[in-house]
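K.L.:
File name input_7.tsv; file contents TSV, C-alpha atoms; full text below.
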```tsv
chain	number	residue	atom	x	y	z
U	1	MET	CA	-15.49	33.33	-3.08
U	2	SER	CA	-15.73	35.49	0.03
U	3	ALA	CA	-12.81	37.55	1.36
U	4	THR	CA	-12.77	35.47	4.55
U	5	ALA	CA	-12.54	32.20	2.65
U	6	SER	CA	-9.80	33.60	0.41
U	7	LEU	CA	-7.76	34.70	3.43
U	8	ALA	CA	-8.10	31.29	5.07
U	9	GLU	CA	-7.05	29.54	1.89
U	10	ARG	CA	-4.04	31.80	1.53
U	11	GLU	CA	-3.01	31.13	5.12
U	12	HIS	CA	-3.26	27.40	4.42
U	13	LEU	CA	-1.08	27.87	1.32
U	14	TYR	CA	1.57	29.72	3.34
U	15	ARG	CA	1.59	26.90	5.91
U	16	LEU	CA	2.16	24.37	3.13
U	17	ILE	CA	5.01	26.46	1.68
U	18	ILE	CA	6.72	26.75	5.07
U	19	SER	CA	6.27	23.01	5.73
U	20	GLN	CA	7.76	22.16	2.32
U	21	LEU	CA	10.75	24.47	2.90
U	22	HIS	CA	11.40	22.82	6.27
U	23	TYR	CA	11.09	19.39	4.69
U	24	ASP	CA	13.59	20.28	1.93
U	25	GLY	CA	16.11	21.64	4.43
U	26	TYR	CA	15.72	25.39	3.76
U	27	GLU	CA	15.43	26.18	7.46
U	28	GLY	CA	16.54	29.83	7.14
U	29	VAL	CA	14.06	30.69	4.41
U	30	ALA	CA	11.31	28.81	6.24
U	31	ALA	CA	12.03	30.66	9.49
U	32	THR	CA	11.97	34.05	7.74
U	33	LEU	CA	8.67	33.31	6.02
U	34	HIS	CA	7.24	31.86	9.23
U	35	GLN	CA	8.06	35.10	11.07
U	36	ALA	CA	6.60	37.23	8.26
U	37	CYS	CA	3.36	35.23	8.50
U	38	ALA	CA	2.92	36.08	12.20
U	39	ALA	CA	4.42	32.78	13.38
U	40	MET	CA	1.51	30.44	12.59
U	41	PRO	CA	1.58	27.61	15.15
U	42	GLY	CA	1.73	23.86	14.64
U	43	ILE	CA	3.78	23.72	11.43
U	44	VAL	CA	5.84	20.54	10.95
U	45	PRO	CA	8.06	19.50	8.00
U	46	SER	CA	5.93	18.11	5.21
U	47	GLN	CA	5.90	17.53	1.46
U	48	ARG	CA	2.14	17.91	1.07
U	49	LEU	CA	2.68	20.95	-1.18
U	50	LEU	CA	4.80	18.94	-3.61
U	51	ALA	CA	2.21	16.15	-3.68
U	52	ALA	CA	-0.60	18.68	-4.28
U	53	VAL	CA	1.33	20.35	-7.11
U	54	LYS	CA	1.93	16.98	-8.80
U	55	ILE	CA	-1.77	16.13	-8.60
U	56	GLY	CA	-2.70	19.57	-9.95
U	57	MET	CA	-0.27	19.29	-12.87
U	58	GLU	CA	-1.63	15.85	-13.76
U	59	ALA	CA	-5.19	17.18	-13.66
U	60	GLU	CA	-4.25	20.18	-15.79
U	61	GLY	CA	-2.55	17.93	-18.32
U	62	GLU	CA	-5.71	15.83	-18.67
U	63	LYS	CA	-7.80	18.95	-19.23
U	64	LEU	CA	-5.46	20.41	-21.86
U	65	GLY	CA	-5.19	17.08	-23.63
U	66	GLY	CA	-8.97	16.69	-23.89
U	67	GLY	CA	-10.66	13.40	-24.49
U	68	GLY	CA	-12.44	12.96	-21.19
U	69	ARG	CA	-11.37	11.52	-17.90
U	70	GLU	CA	-8.65	8.89	-18.05
U	71	LYS	CA	-7.99	5.95	-15.79
U	72	PRO	CA	-5.16	6.70	-13.35
U	73	SER	CA	-3.03	4.04	-15.04
U	74	GLN	CA	-3.33	5.44	-18.56
U	75	VAL	CA	-0.42	7.74	-17.84
U	76	ILE	CA	2.26	5.21	-16.90
U	77	GLU	CA	4.89	6.53	-14.54
U	78	LYS	CA	8.51	6.51	-15.72
U	79	ALA	CA	9.59	4.84	-12.47
U	80	CYS	CA	8.47	1.31	-13.27
U	81	LEU	CA	10.03	-2.01	-14.17
U	82	ASP	CA	10.40	-2.95	-17.83
U	83	LEU	CA	12.97	-5.66	-18.52
U	84	GLN	CA	12.65	-5.15	-22.26
U	85	PHE	CA	14.12	-1.66	-22.18
U	86	ASP	CA	15.75	-1.15	-18.77
U	87	SER	CA	19.49	-1.44	-18.27
U	88	GLU	CA	20.72	-3.40	-15.26
U	89	ASP	CA	22.24	-0.31	-13.62
U	90	GLN	CA	19.13	1.83	-14.09
U	91	LYS	CA	18.16	2.76	-10.54
U	92	SER	CA	16.52	5.93	-9.27
U	93	SER	CA	16.07	5.02	-5.61
U	94	PRO	CA	18.20	3.85	-2.66
U	95	SER	CA	18.47	0.23	-1.66
U	96	PRO	CA	16.03	-0.81	1.10
U	97	SER	CA	19.06	-2.02	3.06
U	98	SER	CA	19.87	1.65	3.76
U	99	TYR	CA	16.51	2.48	5.38
U	100	GLU	CA	16.27	3.35	9.08
U	101	VAL	CA	13.48	3.17	11.65
U	102	LEU	CA	11.91	6.59	12.11
U	103	TYR	CA	8.82	5.81	14.16
U	104	THR	CA	7.24	2.90	16.05
U	105	THR	CA	3.66	2.48	17.26
U	106	SER	CA	2.26	-0.37	19.36
U	107	HIS	CA	-1.01	-2.25	19.44
U	108	LYS	CA	-2.23	-4.43	22.32
U	109	ALA	CA	-1.85	-7.63	20.29
U	110	PRO	CA	0.08	-8.73	17.14
U	111	CYS	CA	0.10	-6.15	14.34
U	112	LYS	CA	-1.14	-8.01	11.25
U	113	VAL	CA	-1.49	-5.68	8.28
U	114	ALA	CA	-0.70	-2.18	7.00
U	115	CYS	CA	-1.23	-0.03	3.94
U	116	PHE	CA	-0.65	3.44	2.46
U	117	ASN	CA	-3.18	5.55	0.60
U	118	LYS	CA	-2.60	6.38	-3.06
U	119	SER	CA	-0.85	9.71	-2.42
U	120	GLY	CA	1.32	8.26	0.34
U	121	SER	CA	0.08	10.88	2.82
U	122	LEU	CA	-1.69	8.41	5.13
U	123	ALA	CA	-0.95	4.95	6.46
U	124	ALA	CA	-3.04	2.47	8.41
U	125	THR	CA	-2.35	-0.55	10.60
U	126	GLY	CA	-4.61	-3.37	11.74
U	127	SER	CA	-4.15	-5.70	14.68
U	128	ALA	CA	-5.31	-8.84	16.43
U	129	ASP	CA	-6.59	-6.49	19.15
U	130	CYS	CA	-9.39	-5.63	16.64
U	131	SER	CA	-8.28	-1.98	16.36
U	132	ILE	CA	-7.23	0.08	13.36
U	133	LYS	CA	-4.88	3.06	13.49
U	134	VAL	CA	-4.64	5.75	10.81
U	135	LEU	CA	-1.36	7.68	10.79
U	136	GLY	CA	-0.20	10.86	9.08
U	137	VAL	CA	2.96	10.14	7.10
U	138	ASP	CA	4.11	13.78	7.39
U	139	ARG	CA	3.81	13.43	11.15
U	140	MET	CA	5.95	10.31	11.14
U	141	LEU	CA	8.50	12.05	8.93
U	142	ALA	CA	8.56	14.97	11.36
U	143	LYS	CA	10.12	12.62	13.91
U	144	MET	CA	13.49	13.00	12.16
U	145	HIS	CA	13.61	16.63	13.38
U	146	LYS	CA	14.24	17.88	16.87
U	147	GLY	CA	11.48	19.56	18.84
U	148	THR	CA	8.69	17.35	17.49
U	149	GLU	CA	8.05	15.38	20.69
U	150	ASP	CA	4.51	16.76	20.81
U	151	VAL	CA	3.73	15.64	17.24
U	152	HIS	CA	1.50	12.55	17.40
U	153	PRO	CA	1.37	10.55	14.12
U	154	VAL	CA	-1.78	8.56	15.00
U	155	VAL	CA	-4.68	10.71	13.77
U	156	ARG	CA	-7.57	8.20	13.94
U	157	THR	CA	-8.31	4.96	15.79
U	158	PHE	CA	-11.26	2.72	14.92
U	159	TYR	CA	-12.91	0.10	17.13
U	160	ASP	CA	-15.73	-1.75	15.40
U	161	ASN	CA	-14.43	-5.26	14.77
U	162	THR	CA	-14.68	-8.31	16.98
U	163	ASP	CA	-11.71	-10.25	15.63
U	164	THR	CA	-8.30	-9.79	13.96
U	165	ILE	CA	-7.92	-7.23	11.15
U	166	MET	CA	-6.50	-9.12	8.15
U	167	ALA	CA	-6.80	-6.71	5.21
U	168	LEU	CA	-6.73	-2.93	4.75
U	169	GLN	CA	-7.06	-0.63	1.77
U	170	PHE	CA	-7.84	3.06	1.35
U	171	HIS	CA	-10.62	4.03	-1.05
U	172	PRO	CA	-9.13	5.51	-4.26
U	173	THR	CA	-11.30	8.66	-4.37
U	174	GLN	CA	-12.96	9.13	-0.97
U	175	GLU	CA	-11.73	9.51	2.61
U	176	VAL	CA	-12.71	5.95	3.40
U	177	LEU	CA	-10.70	3.01	4.73
U	178	ALA	CA	-11.83	-0.57	4.11
U	179	ALA	CA	-10.95	-3.31	6.60
U	180	GLY	CA	-11.38	-7.06	6.20
U	181	SER	CA	-11.43	-9.17	9.34
U	182	ARG	CA	-11.58	-12.65	10.77
U	183	ASP	CA	-15.01	-11.65	12.09
U	184	CYS	CA	-16.23	-12.30	8.49
U	185	THR	CA	-16.88	-8.65	7.65
U	186	VAL	CA	-15.54	-5.89	5.44
U	187	LYS	CA	-16.13	-2.57	7.17
U	188	LEU	CA	-15.87	0.88	5.62
U	189	PHE	CA	-14.65	3.68	7.90
U	190	ASP	CA	-14.87	7.43	7.23
U	191	HIS	CA	-11.46	8.70	8.36
U	192	SER	CA	-12.32	12.35	7.65
U	193	LYS	CA	-14.31	12.60	10.91
U	194	SER	CA	-12.21	12.63	14.07
U	195	ALA	CA	-15.02	11.72	16.46
U	196	VAL	CA	-16.26	8.66	14.55
U	197	LYS	CA	-14.97	5.30	15.82
U	198	ARG	CA	-17.47	3.00	14.12
U	199	ALA	CA	-17.89	1.83	10.53
U	200	MET	CA	-20.27	3.67	8.25
U	201	LYS	CA	-21.03	0.50	6.24
U	202	THR	CA	-20.53	-3.25	6.68
U	203	VAL	CA	-20.39	-6.07	4.13
U	204	GLN	CA	-21.16	-9.39	5.79
U	205	GLU	CA	-19.28	-12.48	4.63
U	206	VAL	CA	-19.57	-16.09	5.78
U	207	LEU	CA	-15.86	-16.78	6.30
U	208	PRO	CA	-12.87	-14.72	7.49
U	209	VAL	CA	-11.70	-12.10	4.97
U	210	THR	CA	-8.10	-12.43	3.77
U	211	SER	CA	-7.68	-9.71	1.12
U	212	ILE	CA	-9.48	-6.78	-0.53
U	213	SER	CA	-8.84	-4.61	-3.60
U	214	PHE	CA	-10.73	-1.53	-4.85
U	215	HIS	CA	-11.54	-0.82	-8.48
U	216	TYR	CA	-10.17	2.60	-9.49
U	217	SER	CA	-13.72	4.01	-9.69
U	218	GLY	CA	-14.20	3.17	-6.02
U	219	GLU	CA	-17.60	1.67	-6.78
U	220	TYR	CA	-16.51	-1.96	-6.70
U	221	MET	CA	-14.34	-4.03	-4.39
U	222	LEU	CA	-12.87	-7.50	-4.76
U	223	VAL	CA	-13.04	-9.61	-1.61
U	224	ALA	CA	-11.07	-12.79	-0.90
U	225	THR	CA	-11.98	-15.06	2.00
U	226	GLN	CA	-11.01	-18.45	3.37
U	227	HIS	CA	-13.24	-19.90	0.64
U	228	PRO	CA	-12.21	-20.79	-2.92
U	229	THR	CA	-14.75	-18.40	-4.48
U	230	LEU	CA	-13.83	-14.78	-5.19
U	231	ARG	CA	-16.45	-12.07	-4.64
U	232	LEU	CA	-16.94	-8.72	-6.33
U	233	TYR	CA	-19.08	-6.23	-4.40
U	234	ASN	CA	-20.83	-3.02	-5.36
U	235	ILE	CA	-19.97	-1.02	-2.26
U	236	HIS	CA	-23.08	1.17	-2.56
U	237	THR	CA	-25.62	-1.64	-2.74
U	238	ALA	CA	-23.55	-4.49	-1.20
U	239	GLN	CA	-24.65	-6.64	-4.16
U	240	CYS	CA	-22.29	-9.56	-4.69
U	241	TYR	CA	-21.09	-10.93	-8.05
U	242	VAL	CA	-19.18	-14.15	-8.76
U	243	SER	CA	-18.05	-15.86	-11.95
U	244	CYS	CA	-20.87	-17.64	-13.76
U	245	ASN	CA	-18.59	-20.67	-14.21
U	246	ALA	CA	-17.82	-22.56	-11.00
U	247	ALA	CA	-14.78	-24.12	-12.68
U	248	ASP	CA	-13.13	-20.68	-12.73
U	249	GLN	CA	-12.68	-20.70	-8.96
U	250	HIS	CA	-9.76	-21.89	-6.85
U	251	HIS	CA	-9.73	-25.22	-5.04
U	252	GLY	CA	-8.52	-23.78	-1.74
U	253	ALA	CA	-8.83	-20.64	0.35
U	254	VAL	CA	-7.88	-17.44	-1.50
U	255	THR	CA	-4.89	-15.71	0.09
U	256	SER	CA	-4.74	-12.48	-1.93
U	257	VAL	CA	-6.45	-10.55	-4.71
U	258	THR	CA	-5.31	-7.41	-6.53
U	259	TYR	CA	-6.21	-5.32	-9.57
U	260	ALA	CA	-3.68	-4.51	-12.30
U	261	SER	CA	-2.88	-0.85	-12.94
U	262	ASP	CA	-5.16	-0.72	-16.01
U	263	PHE	CA	-8.00	-2.37	-14.01
U	264	ASN	CA	-8.83	-4.63	-16.94
U	265	VAL	CA	-7.29	-7.62	-15.20
U	266	TYR	CA	-6.95	-8.82	-11.64
U	267	ALA	CA	-4.97	-11.64	-10.04
U	268	SER	CA	-5.68	-14.03	-7.18
U	269	THR	CA	-3.52	-16.47	-5.23
U	270	SER	CA	-4.55	-19.46	-3.16
U	271	ARG	CA	-3.60	-22.22	-0.78
U	272	ASP	CA	-4.19	-24.57	-3.72
U	273	GLY	CA	-0.83	-23.39	-5.11
U	274	ALA	CA	-2.32	-21.62	-8.13
U	275	VAL	CA	-2.19	-18.06	-9.45
U	276	LYS	CA	-5.21	-17.02	-11.51
U	277	LEU	CA	-5.68	-14.07	-13.86
U	278	TRP	CA	-9.20	-12.74	-14.33
U	279	ASP	CA	-10.93	-10.52	-16.86
U	280	ALA	CA	-12.22	-7.59	-14.80
U	281	ILE	CA	-15.13	-6.92	-17.18
U	282	SER	CA	-16.64	-10.39	-17.44
U	283	ASN	CA	-15.38	-11.59	-14.03
U	284	ARG	CA	-14.14	-14.78	-15.73
U	285	CYS	CA	-10.83	-16.55	-15.21
U	286	ILE	CA	-8.63	-16.19	-18.29
U	287	SER	CA	-5.49	-18.01	-17.14
U	288	THR	CA	-4.42	-20.38	-14.36
U	289	TRP	CA	-0.82	-21.01	-13.37
U	290	ALA	CA	-1.17	-24.25	-11.40
U	291	GLY	CA	1.70	-25.15	-9.08
U	292	ALA	CA	3.13	-21.67	-9.52
U	293	HIS	CA	5.46	-22.14	-6.55
U	294	GLY	CA	6.14	-25.84	-6.95
U	295	GLY	CA	2.80	-26.74	-5.43
U	296	ALA	CA	3.40	-24.67	-2.28
U	297	GLU	CA	0.78	-22.22	-1.02
U	298	VAL	CA	0.98	-18.87	-2.85
U	299	SER	CA	0.95	-15.94	-0.44
U	300	SER	CA	0.67	-12.75	-2.49
U	301	ALA	CA	0.59	-11.11	-5.89
U	302	ARG	CA	1.53	-7.58	-7.00
U	303	PHE	CA	1.34	-6.13	-10.53
U	304	THR	CA	3.98	-3.75	-11.85
U	305	LYS	CA	2.77	-0.25	-12.67
U	306	ASN	CA	2.90	-0.89	-16.41
U	307	GLY	CA	0.91	-4.11	-16.03
U	308	LYS	CA	3.52	-6.23	-17.84
U	309	TYR	CA	4.60	-8.32	-14.88
U	310	LEU	CA	3.21	-9.99	-11.77
U	311	LEU	CA	5.26	-10.49	-8.60
U	312	THR	CA	4.28	-13.49	-6.46
U	313	SER	CA	5.56	-14.94	-3.19
U	314	GLY	CA	4.97	-18.43	-1.86
U	315	LYS	CA	5.70	-20.77	1.01
U	316	ASP	CA	8.52	-22.32	-1.01
U	317	SER	CA	10.49	-19.21	0.10
U	318	ASN	CA	10.74	-17.98	-3.49
U	319	VAL	CA	9.64	-14.67	-4.96
U	320	LEU	CA	8.90	-14.89	-8.69
U	321	LEU	CA	8.42	-12.29	-11.42
U	322	TRP	CA	6.05	-13.44	-14.14
U	323	GLU	CA	5.62	-11.97	-17.62
U	324	LEU	CA	1.88	-11.74	-18.22
U	325	SER	CA	2.05	-11.96	-22.02
U	326	THR	CA	3.80	-15.35	-21.94
U	327	GLY	CA	2.99	-16.70	-18.47
U	328	ARG	CA	6.66	-17.51	-17.86
U	329	VAL	CA	8.94	-16.67	-14.94
U	330	VAL	CA	11.48	-14.02	-15.99
U	331	ASN	CA	13.18	-13.53	-12.64
U	332	ALA	CA	13.45	-15.36	-9.32
U	333	TYR	CA	14.47	-13.76	-6.03
U	334	LYS	CA	15.89	-16.30	-3.60
U	335	GLY	CA	17.61	-16.33	-0.23
U	336	ALA	CA	14.83	-15.41	2.21
U	337	THR	CA	12.75	-17.90	4.20
U	338	GLN	CA	8.95	-18.06	4.05
U	339	THR	CA	7.38	-21.40	4.94
U	340	ALA	CA	4.81	-20.61	7.64
U	341	LEU	CA	3.53	-17.04	7.16
U	342	ASN	CA	1.77	-15.33	4.24
U	343	THR	CA	4.05	-12.30	4.34
U	344	PRO	CA	3.76	-10.51	0.97
U	345	ALA	CA	6.55	-9.59	-1.42
U	346	VAL	CA	6.37	-5.96	-2.57
U	347	PHE	CA	8.13	-3.51	-4.86
U	348	ASN	CA	9.64	-0.29	-3.61
U	349	HIS	CA	8.12	2.93	-4.99
U	350	THR	CA	10.25	2.94	-8.17
U	351	GLU	CA	10.17	-0.83	-8.70
U	352	ASP	CA	13.98	-0.90	-8.61
U	353	PHE	CA	13.87	-3.35	-5.72
U	354	VAL	CA	11.78	-6.29	-4.48
U	355	MET	CA	11.28	-6.74	-0.73
U	356	MET	CA	10.07	-9.51	1.58
U	357	ALA	CA	10.45	-10.29	5.28
U	358	ASP	CA	12.57	-13.28	6.30
U	359	GLU	CA	10.47	-15.09	8.89
U	360	VAL	CA	13.46	-16.87	10.47
U	361	ALA	CA	16.06	-14.07	10.61
U	362	ARG	CA	13.35	-11.40	11.22
U	363	THR	CA	15.11	-9.15	8.74
U	364	ILE	CA	13.89	-7.40	5.57
U	365	SER	CA	15.31	-9.09	2.48
U	366	SER	CA	15.60	-7.16	-0.76
U	367	TRP	CA	16.77	-7.79	-4.30
U	368	ASP	CA	17.60	-5.78	-7.40
U	369	SER	CA	14.39	-6.28	-9.40
U	370	ARG	CA	16.27	-6.44	-12.72
U	371	THR	CA	19.24	-8.65	-11.89
U	372	GLY	CA	17.85	-10.62	-8.94
U	373	GLU	CA	20.95	-9.74	-6.91
U	374	MET	CA	20.23	-9.95	-3.19
U	375	GLN	CA	20.98	-6.83	-1.14
U	376	ARG	CA	22.32	-6.64	2.40
U	377	PRO	CA	19.53	-7.70	4.84
U	378	LEU	CA	17.97	-4.86	6.81
U	379	PRO	CA	17.62	-5.53	10.56
U	380	SER	CA	13.99	-4.93	11.47
U	381	GLY	CA	14.33	-4.44	15.21
U	382	HIS	CA	11.31	-6.69	15.73
U	383	ASN	CA	11.61	-9.41	18.37
U	384	ASN	CA	8.94	-11.66	16.87
U	385	SER	CA	7.75	-12.75	13.42
U	386	ILE	CA	7.12	-10.09	10.76
U	387	GLU	CA	3.59	-10.59	9.44
U	388	PHE	CA	3.35	-7.89	6.78
U	389	ILE	CA	5.26	-5.17	4.94
U	390	SER	CA	3.85	-2.31	2.85
U	391	HIS	CA	5.95	0.15	0.84
U	392	SER	CA	4.95	3.75	0.19
U	393	PRO	CA	3.87	4.41	-3.42
U	394	VAL	CA	5.69	7.74	-3.59
U	395	MET	CA	8.80	7.76	-1.35
U	396	PRO	CA	11.53	5.53	0.13
U	397	ALA	CA	9.52	4.44	3.14
U	398	PHE	CA	7.78	1.27	4.28
U	399	LEU	CA	5.84	-0.21	7.20
U	400	SER	CA	6.57	-3.53	8.90
U	401	CYS	CA	4.02	-5.29	11.13
U	402	SER	CA	5.03	-7.87	13.69
U	403	ASP	CA	3.74	-10.33	16.25
U	404	ASP	CA	5.69	-8.26	18.80
U	405	PHE	CA	2.62	-5.93	18.67
U	406	ARG	CA	4.56	-3.17	16.86
U	407	MET	CA	4.48	-1.38	13.54
U	408	ARG	CA	7.76	0.20	12.49
U	409	PHE	CA	8.02	3.02	9.94
U	410	PHE	CA	11.28	2.85	7.94
U	411	TYR	CA	12.61	5.73	5.86
U	412	ASN	CA	15.74	6.60	3.90
U	413	HIS	CA	17.01	9.89	5.35
U	414	SER	CA	19.18	10.68	2.33
U	415	ALA	CA	16.02	11.28	0.30
U	416	SER	CA	15.38	14.50	2.25
U	417	ALA	CA	19.01	15.63	2.39
```
Please express the file's structure as structure tokens.
P.N.:
Amino acid sequence: MSATASLAEREHLYRLIISQLHYDGYEGVAATLHQACAAMPGIVPSQRLLAAVKIGMEAEGEKLGGGGREKPSQVIEKACLDLQFDSEDQKSSPSPSSYEVLYTTSHKAPCKVACFNKSGSLAATGSADCSIKVLGVDRMLAKMHKGTEDVHPVVRTFYDNTDTIMALQFHPTQEVLAAGSRDCTVKLFDHSKSAVKRAMKTVQEVLPVTSISFHYSGEYMLVATQHPTLRLYNIHTAQCYVSCNAADQHHGAVTSVTYASDFNVYASTSRDGAVKLWDAISNRCISTWAGAHGGAEVSSARFTKNGKYLLTSGKDSNVLLWELSTGRVVNAYKGATQTALNTPAVFNHTEDFVMMADEVARTISSWDSRTGEMQRPLPSGHNNSIEFISHSPVMPAFLSCSDDFRMRFFYNHSASA
């Protein structure tokens, strides 16, 4: 390593330290260090250092433990739902009803979908105006501090679709964002290059894309469309794979698809009212829960981090928690209305709470994931239907997308107190 490179890396380290100190509220210490480092410009509060340290410690643990590279899910996080061992008062995160709007960005048409990357450092939104925005989470968090008027959270904007963006997901290992659209394509965008506005690769489908999910290796991607048949693509060759048994497929358009944390299983939901579980190795259906929501269209599915449970939402206005080992419902979350939109139900980052938008009240409904107790509704501030919500995987923050053209970033301020 050259002396110049070492100096640049050290300067970057000092910037991260100062940002972390600001983020944690140690303003005096941060100011002193900032002055000692010749007042490096453009530093905003951030927890990137903490995130980097966590990643480094995990990597070091894998190396010391030996045995080769593990799947990300083989080390199960403590902050996950397990009804077999959890007590009802076991909570490590604030209720979503206490979140507040920190930042709002607008599209030129309804905002349809949003997502976070795995580390929670980036977010993305997609719209009916065919555009995609990539936002820095640290930059949105900086909006809680004074003097950050010149900090602009939107770091990338992509224009390469000809119809509504319906699905978004960040690649698990590369600086790539995948977008599924009503223009019957899945496009892959390199968000590491600021000047690039177009996709670097396109997968052509025959019907509008409704959902996508990456395998942890990043080499394969599940694609759901307004067709009953699920597709699995090799993203390098664009080769498509489907189950060898036509009877495995749904009988209506697929509304969502998602991998479990161990990537041995994935789940799909459909307008036919069924939830299907699939073997990720053979690509065969291993279980079908017909009429999962009383025959109503099933909107979404989310696995818990430990892979024991599946959370589904449907147009019967119910959110259900299923135990995978038995195929039975172990909890039901009721009180919100969903009869027209496919707004997903999601967990918060610790899986202490379940969240879903109420399409009539235009509020964010939430429940204690263990007891099913409904929390106080959170006013969204949207003046039209909420199409989508996405919770950060690492912090008390979520995105809401609405037909009022806006995405709102909610955050619990007490987490940084």
K.L.:
To one decimal place in Å, what is the distance between CA of Val155 (chain U) and CA of Phe409 (chain U)?
P.N.:
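A separation of 15.3 Å between them.
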K.L.:
Restricting the calculation to all atoms listed in the file, which member of U:Ser366, U:Thr104, U:Ser93, U:Gln20 is positioned closest to Pro396 (chain U)?
P.N.:
U:Ser93
K.L.:
Could you list, as a list in words, every residue within 6 Å of region 272-277 of chain U, counting all atoms listed in the file and ignoring same-chain residues fewer than 5 positions away?
P.N.:
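So, after excluding close chain neighbours, the residues are His251, Gly252, Tyr266, Ala267, Cys285, Ile286, Ser287, Thr288, Trp289, Ala290, Gly291, Ala292, Gly295, Ala296, Glu297 and Val298 of chain U.
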K.L.:
Can you pull out the residues contacting Asp183 (chain U)? Cut-off 8 Å, using only C-alpha atoms, and skip same-chain residues under 4 positions away; I want them as a ChimeraX atom specification.
P.N.:
/U:161-164,207-209
K.L.:
Grab the residues selected above and save them as a tab-separated table (two decimals), keeping the file's coordinate frame with C-alpha atoms.
P.N.:
```tsv
chain	number	residue	atom	x	y	z
U	161	ASN	CA	-14.43	-5.26	14.77
U	162	THR	CA	-14.68	-8.31	16.98
U	163	ASP	CA	-11.71	-10.25	15.63
U	164	THR	CA	-8.30	-9.79	13.96
U	207	LEU	CA	-15.86	-16.78	6.30
U	208	PRO	CA	-12.87	-14.72	7.49
U	209	VAL	CA	-11.70	-12.10	4.97
```
K.L.:
List as a list in words the protein and nucleic acid residues near Phe263 (chain U), meaning an atom at most 8 Å away when only C-alpha atoms are counted, but skip any in the same chain fewer than 4 places from it.
P.N.:
His215, Tyr216, Tyr259 and Ala280 of chain U
K.L.:
Kindly extract all protein, DNA and RNA residues lying within 12 Å of the coordinates (-5.3, -9.0, 4.4) given in the file, considering only C-alpha atoms, and supply them as JSON, numbers by chain.
P.N.:
{"U": [111, 112, 113, 114, 115, 125, 126, 127, 164, 165, 166, 167, 168, 169, 178, 179, 180, 181, 182, 186, 208, 209, 210, 211, 212, 213, 222, 223, 224, 225, 226, 254, 255, 256, 257, 258, 299, 300, 342, 343, 344, 387, 388, 389, 390]}
K.L.:
If you take every atom of region 286-289 of chain U that the file lists and fit an axis-aligned box around them with 4 Å extra on each side, what centre and edge lengths come out in Å to one decimal, as JSON?
P.N.:
```
{"center_x": -4.7, "center_y": -18.6, "center_z": -15.8, "size_x": 15.8, "size_y": 12.8, "size_z": 12.9}
```
K.L.:
Please measure the separation of CA of Val154 (chain U) and CA of Asn117 (chain U), giving the value in Å to one decimal.
P.N.:
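For CA of Val154 (chain U) relative to CA of Asn117 (chain U), the distance reads 14.8 Å.
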K.L.:
I'd like the interatomic distance between CA of Ser365 (chain U) and CA of Ser380 (chain U), to a tenth of an Å.
P.N.:
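These two atoms are separated by 10.0 Å.
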K.L.:
Give me the residues within 8 Å of region 371-374 of chain U as a PyMOL selection string, counting all atoms listed in the file and dropping any in the same chain fewer than 4 places off.
P.N.:
chain U and resi 88+331-335+365-367
K.L.:
Nearest to Gln375 (chain U): which of U:Pro94, U:Asp262, U:Arg139, U:Asn318 is it, counting only C-alpha atoms?
P.N.:
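With only C-alpha atoms as the atom set, the closest residue is U:Pro94.
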K.L.:
Go through U:Ser243, U:Asn306, U:Thr148, U:Thr339 and flag the residue nearest Leu324 (chain U), using all atoms listed in the file for the distances.
P.N.:
U:Asn306
K.L.:
So that I can check the surroundings of Pro379 (chain U), please list as a list in words every protein, DNA and RNA residue that reaches within 12 Å of it, counting only C-alpha atoms and ignoring chain neighbours fewer than 6 positions away.
P.N.:
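Everything that qualifies: Pro96, Ser97, Ser98, Tyr99, Glu100, Val101, Ala357, Asp358, Ala361, Arg362, Thr363, Ile364, Ser365, Ser366, Ile386, Ser400, Arg408 and Phe410 of chain U.
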K.L.:
With all atoms listed in the file as the basis for distance, which of U:Met407, U:Leu81, U:Val29, U:Leu188 is at the shortest distance from Leu321 (chain U)?
P.N.:
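Closest candidate: U:Leu81.
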K.L.:
Between U:Val206, U:Pro172, U:Tyr103, U:Gly381, which is the closest to Glu149 (chain U) once you count only C-alpha atoms?
P.N.:
U:Tyr103
K.L.:
With distances taken over all atoms listed in the file, which residue among U:Asp403, U:Asp279, U:Glu27, U:Asp316 lies nearest His145 (chain U)?
P.N.:
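Among the listed residues, U:Glu27 lies closest to His145 (chain U).
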